[in-house]
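The data block below is run.cif; it holds mmCIF, C-alpha atoms and all ligand atoms.
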```cif
data_input
loop_
_atom_site.group_PDB
_atom_site.id
_atom_site.type_symbol
_atom_site.label_atom_id
_atom_site.label_comp_id
_atom_site.auth_asym_id
_atom_site.auth_seq_id
_atom_site.Cartn_x
_atom_site.Cartn_y
_atom_site.Cartn_z
ATOM 1 C CA MET X 1 -34.122 42.064 167.806
ATOM 2 C CA ILE X 2 -34.671 41.774 164.091
ATOM 3 C CA ILE X 3 -35.807 38.799 162.022
ATOM 4 C CA VAL X 4 -34.266 38.331 158.578
ATOM 5 C CA ARG X 5 -35.184 35.696 156.024
ATOM 6 C CA THR X 6 -32.496 35.867 153.363
ATOM 7 C CA VAL X 7 -28.729 35.407 153.380
ATOM 8 C CA SER X 8 -28.426 38.799 151.753
ATOM 9 C CA ASP X 9 -30.404 40.536 154.526
ATOM 10 C CA LEU X 10 -28.406 38.680 157.169
ATOM 11 C CA ARG X 11 -25.136 39.881 155.640
ATOM 12 C CA THR X 12 -26.451 43.446 155.436
ATOM 13 C CA ALA X 13 -27.526 43.374 159.082
ATOM 14 C CA LEU X 14 -24.127 42.020 160.133
ATOM 15 C CA ARG X 15 -22.019 44.379 158.001
ATOM 16 C CA GLU X 16 -22.099 47.216 160.500
ATOM 17 C CA ARG X 17 -21.342 44.877 163.409
ATOM 18 C CA ARG X 18 -18.317 43.193 161.870
ATOM 19 C CA ASP X 19 -15.697 44.902 164.056
ATOM 20 C CA THR X 20 -17.029 43.180 167.189
ATOM 21 C CA PRO X 21 -17.425 39.471 167.915
ATOM 22 C CA VAL X 22 -20.407 37.680 166.406
ATOM 23 C CA GLY X 23 -21.776 34.455 167.906
ATOM 24 C CA LEU X 24 -24.059 32.075 165.989
ATOM 25 C CA VAL X 25 -26.522 29.662 167.609
ATOM 26 C CA PRO X 26 -27.948 27.294 164.961
ATOM 27 C CA THR X 27 -31.321 25.751 165.885
ATOM 28 C CA MET X 28 -34.351 24.134 164.338
ATOM 29 C CA GLY X 29 -36.646 26.217 166.535
ATOM 30 C CA ALA X 30 -39.209 24.855 169.025
ATOM 31 C CA LEU X 31 -36.939 26.514 171.541
ATOM 32 C CA HIS X 32 -36.519 25.175 175.041
ATOM 33 C CA GLU X 33 -34.219 25.906 177.941
ATOM 34 C CA GLY X 34 -31.422 23.834 176.313
ATOM 35 C CA HIS X 35 -31.298 26.225 173.360
ATOM 36 C CA LEU X 36 -31.345 29.192 175.722
ATOM 37 C CA THR X 37 -28.232 27.937 177.540
ATOM 38 C CA LEU X 38 -26.475 28.182 174.151
ATOM 39 C CA VAL X 39 -27.777 31.732 173.706
ATOM 40 C CA ARG X 40 -26.544 32.709 177.163
ATOM 41 C CA ALA X 41 -23.077 31.312 176.393
ATOM 42 C CA ALA X 42 -23.051 33.247 173.107
ATOM 43 C CA ARG X 43 -24.345 36.396 174.831
ATOM 44 C CA ALA X 44 -21.517 36.259 177.384
ATOM 45 C CA GLU X 45 -18.812 36.138 174.701
ATOM 46 C CA ASN X 46 -20.054 38.274 171.819
ATOM 47 C CA ARG X 47 -21.367 41.708 171.019
ATOM 48 C CA THR X 48 -23.812 40.332 168.453
ATOM 49 C CA VAL X 49 -25.749 37.084 168.804
ATOM 50 C CA VAL X 50 -27.384 35.527 165.744
ATOM 51 C CA MET X 51 -29.788 32.610 166.094
ATOM 52 C CA SER X 52 -30.746 30.645 163.027
ATOM 53 C CA ILE X 53 -34.094 28.874 163.037
ATOM 54 C CA PHE X 54 -34.414 26.437 160.170
ATOM 55 C CA VAL X 55 -35.985 22.991 160.163
ATOM 56 C CA ASN X 56 -33.479 21.529 157.728
ATOM 57 C CA PRO X 57 -35.309 19.025 155.532
ATOM 58 C CA THR X 58 -32.157 17.301 154.246
ATOM 59 C CA GLN X 59 -31.160 15.979 157.678
ATOM 60 C CA PHE X 60 -34.466 14.217 158.328
ATOM 61 C CA ASP X 61 -34.505 10.566 157.384
ATOM 62 C CA GLU X 62 -38.223 10.142 158.089
ATOM 63 C CA GLN X 63 -40.809 12.301 156.349
ATOM 64 C CA ALA X 64 -43.189 11.727 159.268
ATOM 65 C CA ASP X 65 -40.607 13.116 161.711
ATOM 66 C CA LEU X 66 -40.084 16.183 159.506
ATOM 67 C CA ALA X 67 -43.830 16.737 159.174
ATOM 68 C CA ALA X 68 -44.394 16.326 162.927
ATOM 69 C CA TYR X 69 -41.433 18.496 163.941
ATOM 70 C CA PRO X 70 -42.861 21.311 166.099
ATOM 71 C CA ARG X 71 -42.848 24.753 164.468
ATOM 72 C CA THR X 72 -43.489 27.577 166.910
ATOM 73 C CA GLU X 73 -41.924 30.635 165.327
ATOM 74 C CA ASP X 74 -43.786 33.391 167.197
ATOM 75 C CA ARG X 75 -43.029 31.832 170.545
ATOM 76 C CA ASP X 76 -39.419 31.194 169.464
ATOM 77 C CA ALA X 77 -38.975 34.834 168.471
ATOM 78 C CA ALA X 78 -40.260 36.000 171.858
ATOM 79 C CA LEU X 79 -37.958 33.598 173.734
ATOM 80 C CA ALA X 80 -34.982 34.562 171.566
ATOM 81 C CA ALA X 81 -35.575 38.273 172.142
ATOM 82 C CA GLU X 82 -35.915 37.748 175.871
ATOM 83 C CA ALA X 83 -32.660 35.731 175.971
ATOM 84 C CA GLY X 84 -30.763 38.526 174.206
ATOM 85 C CA VAL X 85 -30.591 37.399 170.578
ATOM 86 C CA ASP X 86 -29.929 40.361 168.260
ATOM 87 C CA ILE X 87 -30.742 38.787 164.902
ATOM 88 C CA VAL X 88 -32.935 35.786 164.110
ATOM 89 C CA PHE X 89 -32.169 34.269 160.713
ATOM 90 C CA ALA X 90 -35.268 32.286 159.704
ATOM 91 C CA PRO X 91 -35.028 31.391 156.013
ATOM 92 C CA ASP X 92 -37.455 29.152 154.164
ATOM 93 C CA ALA X 93 -36.332 25.981 152.383
ATOM 94 C CA ALA X 94 -36.196 27.705 148.975
ATOM 95 C CA GLU X 95 -33.744 30.281 150.349
ATOM 96 C CA MET X 96 -31.340 27.619 151.584
ATOM 97 C CA TYR X 97 -31.921 25.108 148.768
ATOM 98 C CA PRO X 98 -32.869 27.082 145.654
ATOM 99 C CA THR X 99 -33.727 25.296 142.434
ATOM 100 C CA GLY X 100 -30.622 23.638 141.045
ATOM 101 C CA PHE X 101 -28.924 23.211 144.429
ATOM 102 C CA ALA X 102 -26.416 20.366 143.950
ATOM 103 C CA THR X 103 -23.700 20.566 146.607
ATOM 104 C CA THR X 104 -23.233 18.179 149.536
ATOM 105 C CA VAL X 105 -20.643 18.475 152.285
ATOM 106 C CA ARG X 106 -19.753 14.928 153.345
ATOM 107 C CA ILE X 107 -17.462 13.866 156.164
ATOM 108 C CA ALA X 108 -16.162 10.297 155.874
ATOM 109 C CA GLY X 109 -15.434 7.656 158.474
ATOM 110 C CA PRO X 110 -17.000 6.218 161.600
ATOM 111 C CA VAL X 111 -17.874 9.685 162.863
ATOM 112 C CA THR X 112 -20.646 9.879 160.260
ATOM 113 C CA GLU X 113 -21.198 6.184 159.548
ATOM 114 C CA THR X 114 -21.811 4.702 163.011
ATOM 115 C CA LEU X 115 -24.610 5.152 165.578
ATOM 116 C CA GLU X 116 -26.719 8.117 164.368
ATOM 117 C CA GLY X 117 -25.208 7.725 160.894
ATOM 118 C CA ALA X 118 -26.108 4.040 160.818
ATOM 119 C CA GLN X 119 -29.593 4.457 162.294
ATOM 120 C CA ARG X 120 -30.632 7.530 160.365
ATOM 121 C CA GLY X 121 -28.625 6.879 157.212
ATOM 122 C CA ARG X 122 -25.681 8.721 155.687
ATOM 123 C CA ALA X 123 -27.851 11.532 154.435
ATOM 124 C CA HIS X 124 -28.434 12.719 157.988
ATOM 125 C CA PHE X 125 -24.907 13.997 158.631
ATOM 126 C CA ASP X 126 -24.555 15.083 154.990
ATOM 127 C CA GLY X 127 -27.574 17.291 155.641
ATOM 128 C CA VAL X 128 -26.178 18.573 158.935
ATOM 129 C CA ALA X 129 -22.708 19.304 157.517
ATOM 130 C CA THR X 130 -24.101 21.002 154.423
ATOM 131 C CA ILE X 131 -26.530 23.270 156.268
ATOM 132 C CA VAL X 132 -24.042 24.182 159.002
ATOM 133 C CA THR X 133 -21.434 25.040 156.353
ATOM 134 C CA LYS X 134 -23.999 27.299 154.667
ATOM 135 C CA LEU X 135 -24.991 28.931 157.961
ATOM 136 C CA LEU X 136 -21.347 29.528 158.919
ATOM 137 C CA LEU X 137 -20.614 31.076 155.518
ATOM 138 C CA ALA X 138 -23.761 33.208 155.663
ATOM 139 C CA ALA X 139 -23.075 34.641 159.143
ATOM 140 C CA LEU X 140 -19.253 34.283 159.291
ATOM 141 C CA PRO X 141 -19.399 34.178 163.097
ATOM 142 C CA ASP X 142 -16.352 34.254 165.343
ATOM 143 C CA ALA X 143 -17.879 31.452 167.409
ATOM 144 C CA ALA X 144 -20.738 28.984 166.923
ATOM 145 C CA TYR X 145 -22.523 27.288 169.821
ATOM 146 C CA PHE X 146 -23.686 23.661 169.907
ATOM 147 C CA GLY X 147 -25.054 21.339 172.570
ATOM 148 C CA ALA X 148 -23.169 18.325 173.931
ATOM 149 C CA LYS X 149 -26.501 16.474 173.776
ATOM 150 C CA ASP X 150 -25.870 15.951 170.062
ATOM 151 C CA ALA X 151 -22.374 14.573 170.686
ATOM 152 C CA GLN X 152 -21.942 12.963 167.283
ATOM 153 C CA GLN X 153 -23.056 16.153 165.547
ATOM 154 C CA VAL X 154 -20.402 18.016 167.546
ATOM 155 C CA ALA X 155 -17.718 15.508 166.506
ATOM 156 C CA VAL X 156 -18.778 15.774 162.847
ATOM 157 C CA LEU X 157 -18.700 19.576 162.954
ATOM 158 C CA GLN X 158 -15.306 19.649 164.681
ATOM 159 C CA ARG X 159 -13.969 17.449 161.859
ATOM 160 C CA LEU X 160 -15.590 19.760 159.278
ATOM 161 C CA VAL X 161 -14.133 22.934 160.782
ATOM 162 C CA ALA X 162 -10.668 21.410 161.134
ATOM 163 C CA ASP X 163 -10.617 19.871 157.655
ATOM 164 C CA LEU X 164 -11.840 22.979 155.826
ATOM 165 C CA ASP X 165 -9.910 25.441 158.044
ATOM 166 C CA LEU X 166 -13.164 27.268 158.677
ATOM 167 C CA PRO X 167 -12.327 30.396 160.673
ATOM 168 C CA VAL X 168 -14.769 29.774 163.521
ATOM 169 C CA ARG X 169 -14.465 28.605 167.110
ATOM 170 C CA LEU X 170 -16.921 25.838 168.036
ATOM 171 C CA VAL X 171 -18.202 26.107 171.593
ATOM 172 C CA VAL X 172 -19.799 22.998 173.104
ATOM 173 C CA CYS X 173 -22.304 23.664 175.892
ATOM 174 C CA PRO X 174 -23.266 20.996 178.459
ATOM 175 C CA THR X 175 -26.527 19.083 178.048
ATOM 176 C CA SER X 176 -29.354 20.885 179.781
ATOM 177 C CA ARG X 177 -31.691 18.548 181.677
ATOM 178 C CA ASP X 178 -35.058 18.753 183.323
ATOM 179 C CA ALA X 179 -35.107 18.276 187.104
ATOM 180 C CA ASP X 180 -35.852 14.549 186.666
ATOM 181 C CA GLY X 181 -32.710 14.079 184.545
ATOM 182 C CA LEU X 182 -34.293 13.821 181.083
ATOM 183 C CA ALA X 183 -32.238 15.730 178.506
ATOM 184 C CA ARG X 184 -34.260 18.622 177.142
ATOM 185 C CA SER X 185 -35.370 18.167 173.542
ATOM 186 C CA SER X 186 -37.950 19.677 171.238
ATOM 187 C CA ARG X 187 -39.210 16.115 170.721
ATOM 188 C CA ASN X 188 -40.015 15.665 174.447
ATOM 189 C CA ALA X 189 -43.217 17.633 173.837
ATOM 190 C CA ARG X 190 -44.538 14.559 172.006
ATOM 191 C CA LEU X 191 -44.121 12.206 174.997
ATOM 192 C CA THR X 192 -47.200 11.188 176.964
ATOM 193 C CA ALA X 193 -46.855 11.241 180.768
ATOM 194 C CA ASP X 194 -46.376 7.476 180.764
ATOM 195 C CA GLU X 195 -43.757 7.611 177.992
ATOM 196 C CA ARG X 196 -41.925 10.366 179.776
ATOM 197 C CA ALA X 197 -41.715 8.253 182.929
ATOM 198 C CA ARG X 198 -40.339 5.348 180.894
ATOM 199 C CA ALA X 199 -37.847 7.645 179.119
ATOM 200 C CA LEU X 200 -36.154 8.305 182.461
ATOM 201 C CA ALA X 201 -34.489 4.899 182.098
ATOM 202 C CA ILE X 202 -32.166 6.627 179.592
ATOM 203 C CA PRO X 203 -30.463 9.061 182.028
ATOM 204 C CA ARG X 204 -30.616 6.295 184.659
ATOM 205 C CA ALA X 205 -28.658 3.993 182.347
ATOM 206 C CA LEU X 206 -26.026 6.688 181.734
ATOM 207 C CA GLN X 207 -25.821 7.276 185.478
ATOM 208 C CA ALA X 208 -25.392 3.548 186.132
ATOM 209 C CA VAL X 209 -22.460 3.405 183.697
ATOM 210 C CA THR X 210 -20.933 6.526 185.271
ATOM 211 C CA ASP X 211 -21.299 5.103 188.781
ATOM 212 C CA ALA X 212 -19.801 1.768 187.765
ATOM 213 C CA ALA X 213 -16.792 3.510 186.184
ATOM 214 C CA ALA X 214 -16.375 5.658 189.291
ATOM 215 C CA ALA X 215 -16.457 2.489 191.397
ATOM 216 C CA GLY X 216 -13.542 1.107 189.379
ATOM 217 C CA LEU X 217 -15.212 -1.017 186.710
ATOM 218 C CA ALA X 218 -13.001 -0.518 183.653
ATOM 219 C CA ASP X 219 -14.096 -3.226 181.230
ATOM 220 C CA VAL X 220 -16.011 -1.619 178.371
ATOM 221 C CA GLU X 221 -18.396 -4.544 177.789
ATOM 222 C CA ALA X 222 -19.141 -4.817 181.513
ATOM 223 C CA LEU X 223 -19.849 -1.093 181.670
ATOM 224 C CA ARG X 224 -22.178 -1.385 178.699
ATOM 225 C CA ALA X 225 -23.964 -4.273 180.405
ATOM 226 C CA ARG X 226 -24.660 -2.044 183.427
ATOM 227 C CA GLY X 227 -26.378 0.453 181.177
ATOM 228 C CA LEU X 228 -28.333 -2.219 179.303
ATOM 229 C CA ALA X 229 -29.585 -3.662 182.602
ATOM 230 C CA GLU X 230 -31.092 -0.275 183.488
ATOM 231 C CA LEU X 231 -32.886 -0.060 180.126
ATOM 232 C CA ALA X 232 -34.240 -3.618 180.074
ATOM 233 C CA GLY X 233 -37.926 -4.119 180.791
ATOM 234 C CA GLU X 234 -38.751 -0.405 180.663
ATOM 235 C CA GLY X 235 -40.876 -0.666 177.532
ATOM 236 C CA ILE X 236 -38.481 1.374 175.451
ATOM 237 C CA ASP X 237 -37.087 0.317 172.128
ATOM 238 C CA LEU X 238 -33.295 0.595 172.295
ATOM 239 C CA GLU X 239 -31.468 1.469 169.076
ATOM 240 C CA TYR X 240 -27.972 1.550 170.542
ATOM 241 C CA LEU X 241 -26.007 1.936 173.723
ATOM 242 C CA ALA X 242 -22.370 2.341 172.749
ATOM 243 C CA LEU X 243 -19.064 3.327 174.308
ATOM 244 C CA VAL X 244 -16.980 5.176 171.745
ATOM 245 C CA ASP X 245 -14.131 7.630 171.288
ATOM 246 C CA PRO X 246 -15.771 11.088 171.564
ATOM 247 C CA ALA X 247 -13.862 12.478 168.556
ATOM 248 C CA THR X 248 -13.717 9.604 166.060
ATOM 249 C CA PHE X 249 -16.681 7.491 167.218
ATOM 250 C CA GLU X 250 -14.586 4.369 166.920
ATOM 251 C CA PRO X 251 -15.505 1.757 169.535
ATOM 252 C CA ALA X 252 -13.743 2.368 172.843
ATOM 253 C CA ALA X 253 -11.404 -0.457 173.798
ATOM 254 C CA ALA X 254 -10.534 0.673 177.308
ATOM 255 C CA LEU X 255 -11.109 3.422 179.822
ATOM 256 C CA ASP X 256 -7.571 4.764 179.411
ATOM 257 C CA ARG X 257 -8.978 8.007 177.976
ATOM 258 C CA PRO X 258 -12.382 9.728 178.048
ATOM 259 C CA VAL X 259 -15.130 7.556 176.606
ATOM 260 C CA LEU X 260 -18.481 8.743 175.311
ATOM 261 C CA VAL X 261 -21.467 6.653 176.365
ATOM 262 C CA ALA X 262 -24.180 7.296 173.771
ATOM 263 C CA VAL X 263 -27.779 6.049 173.769
ATOM 264 C CA ALA X 264 -30.617 6.232 171.259
ATOM 265 C CA ALA X 265 -34.032 4.752 171.960
ATOM 266 C CA ARG X 266 -37.609 5.072 170.888
ATOM 267 C CA VAL X 267 -40.230 5.654 173.506
ATOM 268 C CA GLY X 268 -43.591 5.275 171.812
ATOM 269 C CA ARG X 269 -43.282 7.206 168.565
ATOM 270 C CA THR X 270 -40.566 9.497 169.859
ATOM 271 C CA ARG X 271 -36.879 8.942 169.224
ATOM 272 C CA LEU X 272 -34.605 10.202 171.989
ATOM 273 C CA ILE X 273 -30.810 10.444 172.243
ATOM 274 C CA ASP X 274 -28.585 11.175 175.217
ATOM 275 C CA ASN X 275 -24.965 10.714 176.267
ATOM 276 C CA THR X 276 -22.361 11.304 178.923
ATOM 277 C CA VAL X 277 -18.562 11.150 179.080
ATOM 278 C CA ILE X 278 -16.753 8.846 181.482
ATOM 279 C CA SER X 279 -13.106 8.161 182.177
ATOM 280 C CA ALA X 280 -11.296 6.079 184.737
ATOM 281 C CA HIS X 281 -9.408 8.978 186.240
ATOM 282 C CA ALA X 282 -11.745 11.915 186.026
ATOM 283 C CA VAL X 283 -15.279 10.624 186.226
ATOM 284 C CA GLY X 284 -17.855 13.393 186.000
ATOM 285 C CA PRO X 285 -20.876 13.446 188.273
ATOM 286 C CA GLY X 286 -23.175 11.853 185.681
ATOM 287 C CA PRO X 287 -26.456 13.096 184.306
ATOM 288 C CA LEU X 288 -28.545 12.563 187.424
ATOM 289 C CA SER X 289 -26.209 14.503 189.699
ATOM 290 C CA GLN X 290 -26.510 17.697 187.706
ATOM 291 C CA GLU X 291 -28.899 20.452 188.546
ATOM 292 C CA GLY X 292 -31.803 20.656 186.104
ATOM 293 C CA ALA X 293 -30.632 23.923 184.531
HETATM 294 P P1 LIG X 301 -31.948 21.533 167.524
HETATM 295 O O1 LIG X 301 -32.889 22.692 167.491
HETATM 296 O O2 LIG X 301 -32.502 20.316 168.166
HETATM 297 O O3 LIG X 301 -31.274 21.270 166.194
HETATM 298 O O4 LIG X 301 -30.771 21.969 168.486
HETATM 299 C C1 LIG X 301 -30.060 23.166 168.261
HETATM 300 C C2 LIG X 301 -28.846 23.181 169.138
HETATM 301 O O5 LIG X 301 -29.273 23.108 170.501
HETATM 302 C C3 LIG X 301 -27.926 21.980 168.900
HETATM 303 O O6 LIG X 301 -26.573 22.417 168.994
HETATM 304 C C4 LIG X 301 -28.288 21.072 170.030
HETATM 305 O O7 LIG X 301 -27.225 20.215 170.411
HETATM 306 C C5 LIG X 301 -28.588 22.056 171.130
HETATM 307 N N1 LIG X 301 -29.412 21.436 172.161
HETATM 308 C C6 LIG X 301 -30.592 20.784 171.991
HETATM 309 N N2 LIG X 301 -31.017 20.285 173.166
HETATM 310 C C7 LIG X 301 -30.085 20.617 174.096
HETATM 311 C C8 LIG X 301 -29.959 20.372 175.492
HETATM 312 N N3 LIG X 301 -30.860 19.688 176.174
HETATM 313 N N4 LIG X 301 -28.860 20.876 176.115
HETATM 314 C C9 LIG X 301 -27.915 21.577 175.415
HETATM 315 N N5 LIG X 301 -27.991 21.833 174.107
HETATM 316 C C10 LIG X 301 -29.059 21.367 173.455
#
```

Translate the structure described by the file into structure tokens.
Ligand code: AMP
Amino acid sequence: MIIVRTVSDLRTALRERRDTPVGLVPTMGALHEGHLTLVRAARAENRTVVMSIFVNPTQFDEQADLAAYPRTEDRDAALAAEAGVDIVFAPDAAEMYPTGFATTVRIAGPVTETLEGAQRGRAHFDGVATIVTKLLLAALPDAAYFGAKDAQQVAVLQRLVADLDLPVRLVVCPTSRDADGLARSSRNARLTADERARALAIPRALQAVTDAAAAGLADVEALRARGLAELAGEGIDLEYLALVDPATFEPAAALDRPVLVAVAARVGRTRLIDNTVISAHAVGPGPLSQEGA
């Protein structure tokens, strides 16, 4: 495995591998098993796997969150090598945003303006769309791998790729969870034992909504109420629990098609997000029925 730090070195390293499929796994580092499931999916489908590690400052709405974001590059490099990454692209901020940088990629509509877009501000998805566009153009991968855990990010990027005719296949990998059901996240490292126990109300709420839909409850507000009941009194600070269209993020009116149930909450100082997809006819097992992968 090699580590490159400039777009130019990345392109040079990829030039001789161009005739075979290239997969890109964008990350902000602090790797955990969730990231490695993306690498394994990329490894299975490509000859060359590139992982980018870049804590993108423009997508952080809170300076404190950016400052506290874990940076563990040596450990990340070891984990990436072990998982079969061929090239780590780890630029610094000046490489991605040199002096004079003035371009923003902005996707309009509820997909960027609601939920995460409303809580974190418009700049969040502007930052995500701009950096992912740059990473895709730097690596020109055949496929890029993202986690379903960041469902709104996935919807934004699918819009981006469709609208700009970007020649890349987006692959969405299922949310990887710990054995207790908590979605894996680099931010989980900040939870105390007590906060972690309280955070389990989040997958429990998603499971309660899934179970209610499976039992035939089809009213969107009633389903939401089931989730809210699970979160109440757990000492967590709910930002939203919403049932939306998984592609447009418009509010779901009925369970006549798949509906995304998305949650964001703060537990102590840590902000966590999670989601699951339900539908009246093909209800998945829910987050707590899955093996902790
Ligand atoms: P991050 O480093 O948090 O920006 O995440 C990099 C990629 O890993 C994104 O596509 C995330 O959606 C994905 N990811 C993060 N956590 C998980 C998880 N628990 N399961 C699956 N994918 C994940």

Task: Expected selection as JSON, numbers by chain for ligand LIG 301 (chain X) within 8 Å, only C-alpha atoms and all ligand atoms - done: {"X": [25, 26, 27, 28, 29, 30, 31, 32, 33, 34, 35, 37, 38, 53, 55, 145, 146, 147, 148, 149, 150, 151, 153, 154, 172, 173, 174, 175, 176, 177, 183, 184, 185, 186]}

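With all atoms listed in the file as the basis for measurement, X:Val111 is the residue among X:Val105, X:Val111, X:Ile236, X:Val128 that approaches Ala155 of chain X most closely.
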
Open item on the list: Considering all atoms listed in the file, can you say which of X:Pro203, X:Pro98, X:Pro246, X:Gly117 comes closest to Gln158 of chain X?
Closed with: X:Pro246

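For the choices X:Thr192, X:Gln63, X:Ser52, X:Ser8, the atom-to-atom distance to Ala77 of chain X is smallest for X:Ser52 when using only C-alpha atoms.
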
TODO: Skip segment 209-214 of chain X itself and residues of its chain fewer than 2 positions away, then list as a PyMOL selection string all residues within 6 Å of it, counting all atoms listed in the file.
DONE: chain X and resi 206-207+216-217+223+226-227+283+286

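For the choices X:Leu36, X:Leu79, X:Val50, X:Val267, the atom-to-atom distance to Pro141 of chain X is smallest for X:Val50 when using all atoms listed in the file.
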
List the residues matched by the PyMOL selection byres (((chain X and resi 60) around 10) and not hetatm) in the displayed structure as a short mmCIF file (atom, residue, chain, number, x, y, z; two decimals) with C-alpha atoms, in the frame of the given file, ordered by chain and then by residue number.
```cif
data_model
loop_
_atom_site.label_atom_id
_atom_site.label_comp_id
_atom_site.auth_asym_id
_atom_site.auth_seq_id
_atom_site.Cartn_x
_atom_site.Cartn_y
_atom_site.Cartn_z
CA VAL X 55 -35.98 22.99 160.16
CA ASN X 56 -33.48 21.53 157.73
CA PRO X 57 -35.31 19.02 155.53
CA THR X 58 -32.16 17.30 154.25
CA GLN X 59 -31.16 15.98 157.68
CA ASP X 61 -34.51 10.57 157.38
CA GLU X 62 -38.22 10.14 158.09
CA GLN X 63 -40.81 12.30 156.35
CA ALA X 64 -43.19 11.73 159.27
CA ASP X 65 -40.61 13.12 161.71
CA LEU X 66 -40.08 16.18 159.51
CA ALA X 67 -43.83 16.74 159.17
CA TYR X 69 -41.43 18.50 163.94
CA ARG X 120 -30.63 7.53 160.36
CA GLY X 121 -28.62 6.88 157.21
CA ALA X 123 -27.85 11.53 154.44
CA HIS X 124 -28.43 12.72 157.99
CA PHE X 125 -24.91 14.00 158.63
CA GLY X 127 -27.57 17.29 155.64
CA VAL X 128 -26.18 18.57 158.94
#
```

Open item on the list: Would you pick out the contacts of Val220 of chain X at 9 Å or less, using all atoms listed in the file, so that residues sharing its chain but fewer than 2 positions from it are not included, and give the list as a list in words?
Closed with: Leu217, Ala218, Ala222, Leu223, Arg224, Ala225, Leu243, Ala252, Ala253, Ala254 and Leu255 of chain X

Include C-alpha atoms and write out the residues we just selected as a tab-separated table (two decimals), in the frame of the given file.
```
chain	number	residue	atom	x	y	z
X	217	LEU	CA	-15.21	-1.02	186.71
X	218	ALA	CA	-13.00	-0.52	183.65
X	222	ALA	CA	-19.14	-4.82	181.51
X	223	LEU	CA	-19.85	-1.09	181.67
X	224	ARG	CA	-22.18	-1.38	178.70
X	225	ALA	CA	-23.96	-4.27	180.40
X	243	LEU	CA	-19.06	3.33	174.31
X	252	ALA	CA	-13.74	2.37	172.84
X	253	ALA	CA	-11.40	-0.46	173.80
X	254	ALA	CA	-10.53	0.67	177.31
X	255	LEU	CA	-11.11	3.42	179.82
```

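For the residues X:Thr248, X:Thr130, X:Thr276, X:Ser289, ranking by smallest atom-to-atom distance to Gly109 of chain X using only C-alpha atoms places X:Thr248 first.
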
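Residues matching the PyMOL selection byres (((chain X and resi 194) around 12) and not hetatm) in this structure come to Arg190, Leu191, Thr192, Ala193, Glu195, Arg196, Ala197, Arg198, Ala199, Leu200, Glu234, Gly235, Ile236, Val267 and Gly268 of chain X.
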
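In this model, the gap between atom CA of Pro91 of chain X and atom CA of Ile273 of chain X comes to 26.8 Å.
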
Expand the PyMOL selection byres (((chain X and resi 45) around 9) and not hetatm) into the individual residues it matches in the shown file, reporting them as an mmCIF file with C-alpha atoms, keeping the file's coordinate frame.
```
data_model
loop_
_atom_site.group_PDB
_atom_site.id
_atom_site.type_symbol
_atom_site.label_atom_id
_atom_site.label_comp_id
_atom_site.auth_asym_id
_atom_site.auth_seq_id
_atom_site.Cartn_x
_atom_site.Cartn_y
_atom_site.Cartn_z
ATOM 1 C CA PRO X 21 -17.425 39.471 167.915
ATOM 2 C CA VAL X 22 -20.407 37.680 166.406
ATOM 3 C CA GLY X 23 -21.776 34.455 167.906
ATOM 4 C CA ARG X 40 -26.544 32.709 177.163
ATOM 5 C CA ALA X 41 -23.077 31.312 176.393
ATOM 6 C CA ALA X 42 -23.051 33.247 173.107
ATOM 7 C CA ARG X 43 -24.345 36.396 174.831
ATOM 8 C CA ALA X 44 -21.517 36.259 177.384
ATOM 9 C CA ASN X 46 -20.054 38.274 171.819
ATOM 10 C CA ARG X 47 -21.367 41.708 171.019
ATOM 11 C CA ALA X 143 -17.879 31.452 167.409
#
```

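Residues in contact range of Val4 of chain X, defined as at most 10 Å between all atoms listed in the file, with sequence neighbours fewer than 4 positions away removed, read Ser8, Asp9, Leu10, Arg11, Thr12, Ala13, Ser52, Ile87, Val88, Phe89, Ala90 and Pro91 of chain X.
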
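Taking atom CA of Val85 of chain X and atom CA of Leu14 of chain X as endpoints, the distance between them is 13.1 Å.
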
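Those residues that approach Ala265 of chain X to within 10 Å, counting all atoms listed in the file, are Ala199, Ile202, Leu231, Ile236, Asp237, Leu238, Glu239, Tyr240, Leu241, Arg271, Leu272, Ile273 and Asp274 of chain X; same-chain residues fewer than 6 positions away are not listed.
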
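Computed from the coordinates, the atom CA of Pro110 of chain X to atom CA of Arg169 of chain X distance equals 23.2 Å.
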
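Taking only C-alpha atoms into account, Arg106 of chain X lies nearest to X:Leu160 out of the set X:Leu160, X:Ala139, X:Ala80, X:Ala208.
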